[in-house]
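The data block below is run.tsv; it holds TSV, C-alpha atoms.
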chain	number	residue	atom	x	y	z
A	17	MET	CA	81.52	141.65	76.69
A	18	ALA	CA	84.46	140.10	74.86
A	19	THR	CA	85.78	136.55	74.66
A	20	MET	CA	89.51	136.17	75.29
A	21	TYR	CA	92.11	134.14	77.14
A	22	CYS	CA	92.20	135.05	80.84
A	23	PRO	CA	95.77	135.54	82.10
A	24	HIS	CA	94.73	134.50	85.61
A	25	CYS	CA	92.75	131.26	85.20
A	26	HIS	CA	94.18	130.23	81.79
A	27	THR	CA	90.81	129.67	80.16
A	28	LYS	CA	89.16	131.19	77.12
A	29	THR	CA	86.21	132.97	78.64
A	30	SER	CA	84.03	136.03	78.47
A	31	ILE	CA	85.39	139.24	79.93
A	32	THR	CA	82.72	141.63	81.18
A	33	HIS	CA	83.30	145.38	81.21
A	34	ALA	CA	83.88	146.58	84.75
A	35	THR	CA	81.51	149.31	85.81
A	36	GLN	CA	81.56	151.98	88.42
A	37	ARG	CA	78.80	153.87	90.11
A	38	VAL	CA	79.04	157.61	89.53
A	39	GLU	CA	77.17	159.69	92.09
A	40	PHE	CA	75.51	162.92	91.08
A	41	VAL	CA	73.70	165.38	93.32
A	42	SER	CA	70.28	164.03	92.44
A	43	SER	CA	71.03	160.63	90.90
A	44	ALA	CA	73.58	157.91	90.26
A	45	LYS	CA	74.71	156.33	87.01
A	46	ILE	CA	76.55	153.08	86.22
A	47	VAL	CA	79.26	153.60	83.57
A	48	ASN	CA	81.89	151.38	81.96
A	49	VAL	CA	85.46	152.00	83.06
A	50	VAL	CA	87.16	153.17	79.85
A	51	TRP	CA	90.19	155.36	79.16
A	52	THR	CA	90.50	156.77	75.66
A	53	THR	CA	93.72	157.92	73.98
A	54	ASN	CA	94.54	158.98	70.43
A	55	LYS	CA	95.79	155.38	69.82
A	56	GLY	CA	92.59	153.68	70.95
A	57	TYR	CA	90.87	152.85	74.20
A	58	TRP	CA	91.67	150.80	77.29
A	59	TRP	CA	89.07	149.19	79.48
A	60	ILE	CA	88.96	147.24	82.69
A	61	GLY	CA	87.29	143.88	82.44
A	62	ILE	CA	86.38	141.14	84.86
A	63	CYS	CA	86.87	137.48	83.94
A	64	ASN	CA	83.56	135.64	84.18
A	65	GLY	CA	85.45	132.50	85.26
A	66	CYS	CA	87.74	133.60	88.08
A	67	HIS	CA	86.35	137.14	88.62
A	68	LYS	CA	89.80	138.75	88.53
A	69	PRO	CA	90.43	142.07	86.74
A	70	VAL	CA	92.28	142.56	83.46
A	71	LEU	CA	93.28	145.66	81.54
A	72	VAL	CA	92.38	145.35	77.85
A	73	PHE	CA	93.34	147.48	74.83
A	74	LYS	CA	90.58	147.78	72.22
A	75	GLU	CA	88.98	144.36	71.80
A	76	GLY	CA	91.79	142.28	73.25
A	77	GLU	CA	94.81	143.25	71.15
A	78	ILE	CA	96.81	143.74	74.34
A	79	ILE	CA	95.85	142.39	77.71
A	80	TRP	CA	97.49	142.94	81.08
A	81	PRO	CA	98.71	141.12	82.99
A	82	THR	CA	100.37	139.25	80.16
A	83	PRO	CA	98.85	135.77	79.97
A	84	MET	CA	101.18	133.22	81.47
A	85	PRO	CA	101.36	129.76	79.95
A	86	SER	CA	98.90	127.16	81.10
A	87	THR	CA	100.24	124.49	83.40
A	88	THR	CA	101.97	121.48	81.88
A	89	ALA	CA	101.40	117.95	83.16
A	90	SER	CA	104.03	116.81	85.64
A	91	GLU	CA	103.94	113.29	84.17
A	92	ILE	CA	105.85	114.57	81.14
A	93	PRO	CA	109.60	114.12	81.79
A	94	ILE	CA	111.18	117.38	82.95
A	95	GLU	CA	113.60	117.77	80.03
A	96	ILE	CA	110.67	117.53	77.59
A	97	ARG	CA	108.28	119.51	79.79
A	98	GLU	CA	110.71	122.46	79.98
A	99	ASN	CA	110.70	122.68	76.17
A	100	LEU	CA	106.89	122.64	76.05
A	101	ILE	CA	106.74	125.32	78.76
A	102	GLU	CA	109.18	127.43	76.74
A	103	ALA	CA	107.00	126.95	73.64
A	104	LYS	CA	103.99	128.19	75.62
A	105	SER	CA	105.96	131.14	76.99
A	106	CYS	CA	107.04	132.12	73.47
A	107	ALA	CA	103.44	132.02	72.23
A	108	ALA	CA	102.30	134.13	75.21
A	109	VAL	CA	104.59	136.97	74.08
A	110	ASN	CA	103.68	136.59	70.38
A	111	ALA	CA	106.97	134.87	69.44
A	112	TYR	CA	105.14	132.37	67.26
A	113	ARG	CA	108.11	131.14	65.21
A	114	ALA	CA	110.05	130.41	68.39
A	115	SER	CA	107.00	128.66	69.83
A	116	VAL	CA	106.65	126.19	66.95
A	117	VAL	CA	110.39	125.50	66.93
A	118	MET	CA	110.20	124.63	70.64
A	119	CYS	CA	107.20	122.36	69.94
A	120	ARG	CA	109.31	120.55	67.35
A	121	ARG	CA	112.16	120.25	69.86
A	122	ALA	CA	109.83	118.82	72.54
A	123	LEU	CA	108.52	116.33	69.97
A	124	GLN	CA	112.03	115.24	69.01
A	125	MET	CA	113.04	114.83	72.66
A	126	ALA	CA	109.94	112.68	73.21
A	127	CYS	CA	110.87	110.49	70.23
A	128	ILE	CA	114.36	109.97	71.65
A	129	GLY	CA	112.91	109.42	75.12
A	130	ARG	CA	110.72	106.64	73.74
A	131	GLY	CA	113.58	104.80	72.06
A	132	ALA	CA	114.32	106.49	68.73
A	133	ASN	CA	117.99	106.85	67.80
A	134	ALA	CA	119.27	110.30	68.79
A	135	GLU	CA	121.56	110.33	65.74
A	136	ASP	CA	118.67	109.92	63.28
A	137	ASN	CA	116.76	112.86	61.83
A	138	LEU	CA	113.27	113.62	63.10
A	139	VAL	CA	111.55	111.93	60.14
A	140	ALA	CA	113.31	108.65	60.97
A	141	GLN	CA	112.63	109.11	64.69
A	142	ILE	CA	108.89	109.60	64.12
A	143	ASN	CA	108.81	106.62	61.74
A	144	TYR	CA	110.62	104.50	64.33
A	145	LEU	CA	107.90	105.20	66.91
A	146	LYS	CA	105.21	104.13	64.44
A	147	THR	CA	107.11	100.99	63.36
A	148	ALA	CA	107.76	100.07	67.01
A	149	ALA	CA	104.02	100.54	67.72
A	150	VAL	CA	104.73	103.29	70.25
A	151	ILE	CA	102.38	105.60	68.34
A	152	THR	CA	99.38	105.09	66.07
A	153	GLY	CA	98.96	106.34	62.52
A	154	ASP	CA	97.07	109.37	63.81
A	155	LEU	CA	99.86	110.28	66.22
A	156	HIS	CA	102.36	109.81	63.39
A	157	GLU	CA	100.38	112.36	61.37
A	158	TRP	CA	100.29	114.82	64.31
A	159	ALA	CA	104.04	114.49	64.80
A	160	THR	CA	104.66	115.00	61.09
A	161	VAL	CA	102.61	118.20	61.07
A	162	VAL	CA	104.46	119.54	64.13
A	163	ARG	CA	107.75	118.72	62.37
A	164	TRP	CA	106.69	120.52	59.17
A	165	VAL	CA	105.51	123.66	60.94
A	166	GLY	CA	108.52	123.62	63.26
A	167	ASN	CA	110.78	123.47	60.21
A	168	ASP	CA	108.94	126.44	58.69
A	169	GLY	CA	109.53	128.37	61.90
A	170	ALA	CA	113.20	127.46	62.04
A	171	HIS	CA	114.30	128.03	58.45
A	172	PRO	CA	114.25	131.16	56.29
A	173	GLY	CA	111.93	130.81	53.34
A	174	GLY	CA	109.41	128.69	55.25
A	175	ALA	CA	105.76	129.60	55.55
A	176	GLU	CA	104.91	132.50	57.86
A	177	ILE	CA	103.90	131.38	61.33
A	178	ASP	CA	100.97	133.14	62.97
A	179	LYS	CA	99.12	132.89	66.26
A	180	GLU	CA	96.78	130.18	64.98
A	181	ASP	CA	99.72	128.07	63.80
A	182	ALA	CA	101.42	128.37	67.18
A	183	GLU	CA	98.24	127.54	69.10
A	184	ASN	CA	97.56	124.51	66.90
A	185	MET	CA	101.13	123.20	67.25
A	186	LEU	CA	100.97	123.67	71.02
A	187	ASP	CA	97.71	121.70	71.09
A	188	LEU	CA	99.07	118.90	68.90
A	189	THR	CA	102.35	118.68	70.81
A	190	GLU	CA	100.66	118.68	74.19
A	191	GLN	CA	98.17	116.02	73.11
A	192	PHE	CA	100.99	113.93	71.62
A	193	LEU	CA	102.88	114.13	74.92
A	194	HIS	CA	99.67	113.41	76.81
A	195	VAL	CA	99.24	110.13	74.92
A	196	LEU	CA	102.91	109.16	75.34
A	197	TYR	CA	103.36	110.11	78.99
A	198	VAL	CA	100.32	111.43	80.87
A	199	ALA	CA	97.68	108.83	79.99
A	200	PRO	CA	100.00	105.85	80.68
A	201	ALA	CA	101.02	107.34	84.04
A	202	LYS	CA	97.39	107.88	85.03
A	203	ALA	CA	96.44	104.37	83.93
A	204	ALA	CA	99.35	102.90	85.92
A	205	ALA	CA	98.35	104.89	88.99
A	206	HIS	CA	94.76	103.65	88.79
A	207	ARG	CA	95.91	100.09	88.13
A	208	ALA	CA	98.09	100.26	91.25
A	209	LYS	CA	95.21	101.75	93.21
A	210	LEU	CA	92.96	98.89	92.14
A	211	ARG	CA	95.83	96.38	92.63
A	212	LYS	CA	95.25	94.77	89.23

I need this file expressed as structure tokens, please.
Amino acid sequence: MATMYCPHCHTKTSITHATQRVEFVSSAKIVNVVWTTNKGYWWIGICNGCHKPVLVFKEGEIIWPTPMPSTTASEIPIEIRENLIEAKSCAAVNAYRASVVMCRRALQMACIGRGANAEDNLVAQINYLKTAAVITGDLHEWATVVRWVGNDGAHPGGAEIDKEDAENMLDLTEQFLHVLYVAPAKAAAHRAKLRK
């Protein structure tokens, strides 16, 4: 059993080796479904969450079908959401530098969408949101980290960007956008429902 990201249900879950029953003349045996090559081995696994099959190389280095990005909240404005979806798509195909650059772009579009001057640089735009009390100090820190890592991804000579960096920037960016757009939309919907 291995733990990995399921490409079907978009959750990190355990993948169980698929088995098959092999019939012999006098007995039967349950065996794992494995195909071995001189490069390594492939195995068929079953997601313990959604029970759909996946083809795995070694211990999860390659998985098929290729994991598609998780869904993105519809409350996020489309022009920002498309950038976040692209960041997720880049990460899904191991284009980690591109992923963090798209996170930075989504962040900058959110700053502009919430009132920051489009002509200012991203530092000034993030600072504007904090000064205008659109974001808290914690959100300011998140945005600053996304900006730093996005800059490293965009410019030669920056720090190398790996899978963990991309995943962390996706998490920070998505949570930032959740606070700016998703939570207020949900609160407004419930307020309207309660007529208060």

Out of A:Glu176, A:Asp136, A:Glu183, A:Glu95, which residue has the shortest atom-to-atom distance to Val162 (chain A) when counting all atoms listed in the file?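 The closest residue to Val162 (chain A) is A:Glu183.
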
Nearby residues (all atoms listed in the file) at most 10 Å from region 48-59 of chain A, same-chain spacing under 2 positions excluded, as a PyMOL selection string: chain A and resi 32-37+46+61+70-76+78-79

If I put a ball of radius 9 Å at (103.5, 131.1, 66.3) in the file's coordinates, which residues poke into it when counting all atoms listed in the file, written as number ranges by chain? A: 106-107, 110-117, 169, 176-185

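For the atom pair formed by CA of Val150 (chain A) and CA of Leu196 (chain A), the distance is 8.0 Å, given to one decimal.
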
Mind giving me the straight-line distance from CA of Ala89 (chain A) to CA of Arg207 (chain A) in Å, one decimal?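 We find that CA of Ala89 (chain A) and CA of Arg207 (chain A) lie 19.3 Å from each other.
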
Name the residues in contact with region 121-128 of chain A at a cut-off of 9 Å, using all atoms listed in the file, excluding same-chain residues fewer than 4 positions from it; report them as an MDAnalysis selection string. chainID A and resid 93 95:100 103 116:117 132:134 137:138 141:142 144:145 159 162:163 166 189 192:193 196

Which neighbours of Ser30 (chain A) fall inside 9 Å, counting only C-alpha atoms, when residues of the same chain fewer than 6 positions from it are skipped, and could you give them as a PDB file with C-alpha atoms, keeping the file's coordinate frame?
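After the write, selection-v1.pdb holds the following:
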ATOM      1  CA  MET A  17      81.520 141.650  76.690  1.00  0.00           C
ATOM      2  CA  ALA A  18      84.460 140.100  74.860  1.00  0.00           C
ATOM      3  CA  THR A  19      85.780 136.550  74.660  1.00  0.00           C
ATOM      4  CA  MET A  20      89.510 136.170  75.290  1.00  0.00           C
ATOM      5  CA  TYR A  21      92.110 134.140  77.140  1.00  0.00           C
ATOM      6  CA  CYS A  22      92.200 135.050  80.840  1.00  0.00           C
ATOM      7  CA  ILE A  62      86.380 141.140  84.860  1.00  0.00           C
ATOM      8  CA  CYS A  63      86.870 137.480  83.940  1.00  0.00           C
ATOM      9  CA  ASN A  64      83.560 135.640  84.180  1.00  0.00           C
ATOM     10  CA  GLY A  65      85.450 132.500  85.260  1.00  0.00           C
TER      11      GLY A  65
END

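The interatomic distance for the pair CA of Thr27 (chain A) and CA of Glu91 (chain A) works out to 21.4 Å.
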
Of the residues A:Lys146, A:His171, A:Lys104, A:His24, which is the one nearest to Cys119 (chain A), using all atoms listed in the file?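 For Cys119 (chain A), the nearest of the given residues is A:Lys104.
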